[in-house]
Amino acid sequence: MLEYLYPFRTYLIVSGVEKPNVMTADWVVPLSLNPQMLGVAIGHKRHTHFLIKKYGEFVVAVPTLELLKDVWTAGTVSGAKEDKLAKMSLTLIRSRKVKVPSIKECQANIECKVVKDVETGDHTFFIAEIVDATFGDAFAKGKPDLNYKFLLHASFGKRFTTNSKDVFEP
Ligand SMILES: Cc1cc2nc3c(=O)[nH]c(=O)nc-3n(C[C@H](O)[C@H](O)[C@H](O)COP(=O)(O)O)c2cc1C
C-alpha cells in the first residue's frame, strides 16, 4: 500500500569513506528542527546499509532532473558487486564535517551523523543529526528556486517527474 504515498522526492545517499558509495533513496524524512534531524530507510541488503552501520555517517545529496541517468544507475546497481561510481559521471568532493564525501553536481549536500537506528521490517530507519550542509544556486535565495527541476519519483519503477514553476498561496 506504500504506492499511495507517491510521488516522492528522490535523493542520493553517499556513504563510506575509503571507498565511497552512492545510492538512490526516496524514503528520506525530516524529523526535527532543533536540533536539525532527518531519517532515511535503507534496505538490509543494500551496500549502503553496511557502510552506514560501519561509519555512522552519510550525506543526503539533492539531484536535479539532469542527473536522472546517474540516479537510475545509483538506484539499480549495487556498490557491493560493481564499481558503481565508474559507471556514473558524478564528482565526489570533500564534505565539511563528515568523512563521507559530497556530490559536486547536486544542488545541496546535507551532512548527517547517525544517532539511532531502528529496525522496521526489511529496512533500517537511520535517524541522524544534520551537522552541516552545503548548497548550490538552486538554494541561493534562501528557498528552492523552482526554475530548477527537482527530481520526483512518480511511482515504484522507472517513472520520474519534476516540479512546476507554479506557486499557490492559500
Ligand atoms: C528512485 C529509487 C528510489 C529508491 N529508494 C530507496 C530507498 O528509499 N531505500 C532503499 O533502501 N532503497 C531504495 N532504492 C533502491 C536502492 O537505491 C538500490 O537497491 C541500490 O542499488 C542500492 O545500492 P547499494 O547496494 O550500492 O547501496 C531506490 C531505488 C530507486 C531507483
# chains A, B, ... in the order shown; residues from 1 in each chain; ligands from 1
call {"tool": "residues_near_ligand", "arguments": {"ligand": "ligand 1", "cutoff": "7 Å", "atoms": "only C-alpha atoms and all ligand atoms", "output": "VMD selection string"}}
result
chain A and resid 10 21 to 28 40 to 43 45 to 49 71 to 72 74 to 80 123 153 157
call {"tool": "write_last_selection", "arguments": {"atoms": "C-alpha atoms", "output": "PDB file, in the first residue's frame"}}
result
ATOM      1  CA  THR A  10      14.289  11.404  -4.846  1.00  0.00           C
ATOM      2  CA  ASN A  21      29.274   4.590  -2.488  1.00  0.00           C
ATOM      3  CA  VAL A  22      26.212   6.396  -3.869  1.00  0.00           C
ATOM      4  CA  MET A  23      22.667   5.009  -3.624  1.00  0.00           C
ATOM      5  CA  THR A  24      19.305   6.449  -4.665  1.00  0.00           C
ATOM      6  CA  ALA A  25      16.645   6.877  -1.964  1.00  0.00           C
ATOM      7  CA  ASP A  26      13.073   8.168  -1.841  1.00  0.00           C
ATOM      8  CA  TRP A  27      12.453   7.361   1.786  1.00  0.00           C
ATOM      9  CA  VAL A  28      14.097  10.397   3.390  1.00  0.00           C
ATOM     10  CA  VAL A  40      16.384   7.538   5.977  1.00  0.00           C
ATOM     11  CA  ALA A  41      15.045   3.999   5.484  1.00  0.00           C
ATOM     12  CA  ILE A  42      17.671   1.716   3.970  1.00  0.00           C
ATOM     13  CA  GLY A  43      17.016  -1.907   2.956  1.00  0.00           C
ATOM     14  CA  LYS A  45      20.599  -5.851   1.633  1.00  0.00           C
ATOM     15  CA  ARG A  46      21.990  -2.538   0.399  1.00  0.00           C
ATOM     16  CA  HIS A  47      25.748  -1.969   0.441  1.00  0.00           C
ATOM     17  CA  THR A  48      24.812   1.484   1.771  1.00  0.00           C
ATOM     18  CA  HIS A  49      23.295  -0.231   4.826  1.00  0.00           C
ATOM     19  CA  VAL A  71      20.212   8.489 -10.248  1.00  0.00           C
ATOM     20  CA  TRP A  72      18.909   5.412 -12.043  1.00  0.00           C
ATOM     21  CA  ALA A  74      22.779   4.523  -8.299  1.00  0.00           C
ATOM     22  CA  GLY A  75      19.344   3.010  -7.657  1.00  0.00           C
ATOM     23  CA  THR A  76      19.729  -0.187  -9.672  1.00  0.00           C
ATOM     24  CA  VAL A  77      23.387  -1.252  -9.341  1.00  0.00           C
ATOM     25  CA  SER A  78      24.915  -2.363  -6.026  1.00  0.00           C
ATOM     26  CA  GLY A  79      28.258  -0.936  -4.977  1.00  0.00           C
ATOM     27  CA  ALA A  80      28.964  -4.263  -3.235  1.00  0.00           C
ATOM     28  CA  HIS A 123      14.662  -1.753   6.240  1.00  0.00           C
ATOM     29  CA  HIS A 153       9.848   9.507  -8.288  1.00  0.00           C
ATOM     30  CA  GLY A 157       9.768   1.621 -11.101  1.00  0.00           C
TER      31      GLY A 157
END
call {"tool": "residues_around", "arguments": {"residues": "region 102-117 of chain A", "least_positions_apart": "3", "cutoff": "9 Å", "atoms": "only C-alpha atoms", "output": "PyMOL selection string"}}
result
chain A and resi 12+14+37-39+52-53+55-64+67+90-98+124-139
call {"tool": "write_last_selection", "arguments": {"atoms": "N, CA and C atoms", "output": "short mmCIF file (atom, residue, chain, number, x, y, z; two decimals), in the first residue's frame"}}
result
data_model
loop_
_atom_site.label_atom_id
_atom_site.label_comp_id
_atom_site.auth_asym_id
_atom_site.auth_seq_id
_atom_site.Cartn_x
_atom_site.Cartn_y
_atom_site.Cartn_z
N LEU A 12 20.06 11.28 -3.40
CA LEU A 12 21.21 10.37 -3.45
C LEU A 12 21.81 10.29 -2.06
N VAL A 14 25.09 9.28 -0.01
CA VAL A 14 26.51 8.92 -0.10
C VAL A 14 26.90 8.29 1.24
N MET A 37 17.28 17.29 12.38
CA MET A 37 17.44 15.84 12.22
C MET A 37 16.63 15.34 11.04
N LEU A 38 17.10 14.24 10.46
CA LEU A 38 16.33 13.56 9.41
C LEU A 38 16.52 12.06 9.57
N GLY A 39 15.66 11.32 8.86
CA GLY A 39 15.77 9.86 8.88
C GLY A 39 15.75 9.33 7.47
N ILE A 52 26.74 2.56 6.22
CA ILE A 52 26.22 3.49 7.25
C ILE A 52 26.41 2.86 8.63
N LYS A 53 26.17 1.56 8.75
CA LYS A 53 26.42 0.87 10.04
C LYS A 53 27.89 0.99 10.43
N TYR A 55 30.32 3.27 9.45
CA TYR A 55 30.91 4.60 9.70
C TYR A 55 30.00 5.54 10.50
N GLY A 56 28.70 5.24 10.58
CA GLY A 56 27.78 6.09 11.34
C GLY A 56 27.57 7.47 10.73
N GLU A 57 27.86 7.61 9.46
CA GLU A 57 27.70 8.90 8.78
C GLU A 57 27.15 8.67 7.37
N PHE A 58 26.46 9.69 6.86
CA PHE A 58 26.07 9.66 5.44
C PHE A 58 25.77 11.08 5.00
N VAL A 59 25.66 11.26 3.70
CA VAL A 59 25.30 12.56 3.13
C VAL A 59 24.05 12.36 2.27
N VAL A 60 23.07 13.25 2.46
CA VAL A 60 21.89 13.25 1.58
C VAL A 60 22.13 14.34 0.54
N ALA A 61 22.25 13.94 -0.72
CA ALA A 61 22.53 14.88 -1.80
C ALA A 61 21.26 15.08 -2.63
N VAL A 62 21.04 16.32 -3.08
CA VAL A 62 19.80 16.69 -3.78
C VAL A 62 20.07 16.81 -5.28
N PRO A 63 19.61 15.83 -6.06
CA PRO A 63 19.85 15.89 -7.50
C PRO A 63 18.74 16.65 -8.23
N THR A 64 19.02 17.09 -9.43
CA THR A 64 18.00 17.64 -10.32
C THR A 64 17.86 16.70 -11.52
N LEU A 67 20.45 14.85 -13.67
CA LEU A 67 21.23 13.72 -13.14
C LEU A 67 20.46 12.40 -13.19
N LEU A 90 29.43 11.37 -11.69
CA LEU A 90 29.36 12.25 -10.51
C LEU A 90 30.76 12.51 -9.98
N THR A 91 30.95 13.72 -9.43
CA THR A 91 32.25 14.07 -8.84
C THR A 91 32.11 14.13 -7.32
N LEU A 92 32.88 13.31 -6.62
CA LEU A 92 32.84 13.34 -5.16
C LEU A 92 33.81 14.39 -4.65
N ILE A 93 33.33 15.21 -3.73
CA ILE A 93 34.17 16.26 -3.15
C ILE A 93 34.12 16.15 -1.63
N ARG A 94 35.08 16.75 -0.97
CA ARG A 94 35.17 16.72 0.48
C ARG A 94 33.93 17.37 1.13
N SER A 95 33.40 16.72 2.15
CA SER A 95 32.33 17.35 2.95
C SER A 95 32.99 18.22 4.01
N ARG A 96 32.18 19.00 4.74
CA ARG A 96 32.76 19.90 5.75
C ARG A 96 32.97 19.21 7.09
N LYS A 97 31.94 18.48 7.57
CA LYS A 97 32.02 17.95 8.94
C LYS A 97 32.01 16.44 9.03
N VAL A 98 31.77 15.75 7.92
CA VAL A 98 31.79 14.28 7.95
C VAL A 98 32.86 13.78 6.98
N THR A 124 16.21 -0.61 7.70
CA THR A 124 16.61 0.03 8.96
C THR A 124 16.37 1.52 8.78
N PHE A 125 15.72 2.12 9.78
CA PHE A 125 15.49 3.57 9.74
C PHE A 125 16.63 4.23 10.50
N PHE A 126 17.53 4.88 9.76
CA PHE A 126 18.66 5.56 10.39
C PHE A 126 18.24 6.98 10.74
N ILE A 127 18.25 7.29 12.02
CA ILE A 127 17.90 8.63 12.50
C ILE A 127 19.22 9.38 12.70
N ALA A 128 19.30 10.57 12.11
CA ALA A 128 20.60 11.25 12.12
C ALA A 128 20.45 12.73 12.43
N GLU A 129 21.50 13.28 13.05
CA GLU A 129 21.57 14.72 13.25
C GLU A 129 22.28 15.34 12.04
N ILE A 130 21.76 16.44 11.56
CA ILE A 130 22.38 17.16 10.44
C ILE A 130 23.48 18.04 11.04
N VAL A 131 24.73 17.80 10.67
CA VAL A 131 25.84 18.53 11.29
C VAL A 131 26.35 19.67 10.42
N ASP A 132 26.03 19.64 9.15
CA ASP A 132 26.39 20.74 8.25
C ASP A 132 25.70 20.52 6.90
N ALA A 133 25.73 21.52 6.05
CA ALA A 133 25.16 21.37 4.70
C ALA A 133 25.79 22.40 3.78
N THR A 134 25.91 22.05 2.52
CA THR A 134 26.35 23.00 1.51
C THR A 134 25.28 23.02 0.42
N PHE A 135 25.21 24.11 -0.32
CA PHE A 135 24.16 24.19 -1.34
C PHE A 135 24.64 24.95 -2.57
N GLY A 136 23.91 24.73 -3.67
CA GLY A 136 24.24 25.37 -4.94
C GLY A 136 23.26 26.49 -5.25
N ASP A 137 23.28 26.95 -6.50
CA ASP A 137 22.48 28.11 -6.92
C ASP A 137 20.97 27.91 -6.70
N ALA A 138 20.51 26.68 -6.74
CA ALA A 138 19.08 26.42 -6.60
C ALA A 138 18.55 26.88 -5.25
N PHE A 139 19.45 27.02 -4.26
CA PHE A 139 19.03 27.44 -2.91
C PHE A 139 19.63 28.79 -2.51
#
call {"tool": "closest_residue", "arguments": {"among": "A:Leu146, A:Ala140, A:Glu119, A:Leu152", "to": "His44 (chain A)", "atoms": "only C-alpha atoms"}}
result
A:Glu119
call {"tool": "atom_distance", "arguments": {"atom1": "CA of Met88 (chain A)", "atom2": "CA of Arg159 (chain A)"}}
result
19.5 Å
call {"tool": "atom_distance", "arguments": {"atom1": "CA of Asn34 (chain A)", "atom2": "CA of Lys149 (chain A)"}}
result
28.8 Å
call {"tool": "select_by_dssp", "arguments": {"residues": "chain A", "states": "strand (DSSP E)", "output": "PyMOL selection string"}}
result
chain A and resi 8-9+11-15+21-25+28-32+37-43+57-62+92-93+102-103+108-120+123-135+151-153+160-162
call {"tool": "select_by_dssp", "arguments": {"residues": "chain A", "states": "alpha helix (DSSP H)", "output": "list in words"}}
result
His47, Thr48, His49, Phe50, Leu51, Ile52, Lys53, Lys54, Tyr55, Leu68, Lys69, Asp70, Val71, Trp72, Thr73, Ala74, Gly75 and Thr76 of chain A
call {"tool": "write_last_selection", "arguments": {"atoms": "N, CA and C atoms", "output": "PDB file, in the first residue's frame"}}
result
ATOM      1  N   HIS A  47      24.362  -2.229   0.027  1.00  0.00           N
ATOM      2  CA  HIS A  47      25.748  -1.969   0.441  1.00  0.00           C
ATOM      3  C   HIS A  47      25.780  -0.718   1.324  1.00  0.00           C
ATOM      4  N   THR A  48      24.937   0.250   0.983  1.00  0.00           N
ATOM      5  CA  THR A  48      24.812   1.484   1.771  1.00  0.00           C
ATOM      6  C   THR A  48      24.488   1.171   3.235  1.00  0.00           C
ATOM      7  N   HIS A  49      23.661   0.167   3.456  1.00  0.00           N
ATOM      8  CA  HIS A  49      23.295  -0.231   4.826  1.00  0.00           C
ATOM      9  C   HIS A  49      24.549  -0.640   5.596  1.00  0.00           C
ATOM     10  N   PHE A  50      25.362  -1.480   4.952  1.00  0.00           N
ATOM     11  CA  PHE A  50      26.627  -1.937   5.559  1.00  0.00           C
ATOM     12  C   PHE A  50      27.532  -0.736   5.872  1.00  0.00           C
ATOM     13  N   LEU A  51      27.632   0.199   4.918  1.00  0.00           N
ATOM     14  CA  LEU A  51      28.550   1.338   5.091  1.00  0.00           C
ATOM     15  C   LEU A  51      28.053   2.330   6.149  1.00  0.00           C
ATOM     16  N   ILE A  52      26.738   2.561   6.220  1.00  0.00           N
ATOM     17  CA  ILE A  52      26.222   3.485   7.250  1.00  0.00           C
ATOM     18  C   ILE A  52      26.413   2.859   8.632  1.00  0.00           C
ATOM     19  N   LYS A  53      26.171   1.560   8.749  1.00  0.00           N
ATOM     20  CA  LYS A  53      26.415   0.871  10.039  1.00  0.00           C
ATOM     21  C   LYS A  53      27.888   0.987  10.426  1.00  0.00           C
ATOM     22  N   LYS A  54      28.775   0.846   9.434  1.00  0.00           N
ATOM     23  CA  LYS A  54      30.209   0.848   9.709  1.00  0.00           C
ATOM     24  C   LYS A  54      30.725   2.229  10.146  1.00  0.00           C
ATOM     25  N   TYR A  55      30.321   3.267   9.448  1.00  0.00           N
ATOM     26  CA  TYR A  55      30.908   4.598   9.705  1.00  0.00           C
ATOM     27  C   TYR A  55      29.997   5.540  10.500  1.00  0.00           C
ATOM     28  N   LEU A  68      19.328  12.403 -13.902  1.00  0.00           N
ATOM     29  CA  LEU A  68      18.448  11.216 -13.858  1.00  0.00           C
ATOM     30  C   LEU A  68      19.154   9.914 -14.233  1.00  0.00           C
ATOM     31  N   LYS A  69      20.011   9.959 -15.240  1.00  0.00           N
ATOM     32  CA  LYS A  69      20.685   8.732 -15.667  1.00  0.00           C
ATOM     33  C   LYS A  69      21.527   8.166 -14.511  1.00  0.00           C
ATOM     34  N   ASP A  70      22.272   9.041 -13.844  1.00  0.00           N
ATOM     35  CA  ASP A  70      23.097   8.599 -12.717  1.00  0.00           C
ATOM     36  C   ASP A  70      22.236   8.170 -11.521  1.00  0.00           C
ATOM     37  N   VAL A  71      21.127   8.862 -11.342  1.00  0.00           N
ATOM     38  CA  VAL A  71      20.212   8.489 -10.248  1.00  0.00           C
ATOM     39  C   VAL A  71      19.694   7.067 -10.482  1.00  0.00           C
ATOM     40  N   TRP A  72      19.414   6.759 -11.732  1.00  0.00           N
ATOM     41  CA  TRP A  72      18.909   5.412 -12.043  1.00  0.00           C
ATOM     42  C   TRP A  72      20.009   4.366 -11.828  1.00  0.00           C
ATOM     43  N   THR A  73      21.211   4.673 -12.247  1.00  0.00           N
ATOM     44  CA  THR A  73      22.327   3.743 -12.017  1.00  0.00           C
ATOM     45  C   THR A  73      22.540   3.527 -10.524  1.00  0.00           C
ATOM     46  N   ALA A  74      22.555   4.623  -9.756  1.00  0.00           N
ATOM     47  CA  ALA A  74      22.779   4.523  -8.299  1.00  0.00           C
ATOM     48  C   ALA A  74      21.680   3.718  -7.619  1.00  0.00           C
ATOM     49  N   GLY A  75      20.484   3.691  -8.246  1.00  0.00           N
ATOM     50  CA  GLY A  75      19.344   3.010  -7.657  1.00  0.00           C
ATOM     51  C   GLY A  75      19.112   1.606  -8.188  1.00  0.00           C
ATOM     52  N   THR A  76      19.955   1.151  -9.101  1.00  0.00           N
ATOM     53  CA  THR A  76      19.729  -0.187  -9.672  1.00  0.00           C
ATOM     54  C   THR A  76      20.976  -1.074  -9.645  1.00  0.00           C
TER      55      THR A  76
END
call {"tool": "atom_distance", "arguments": {"atom1": "CA of Lys99 (chain A)", "atom2": "CA of Val17 (chain A)"}}
result
6.0 Å
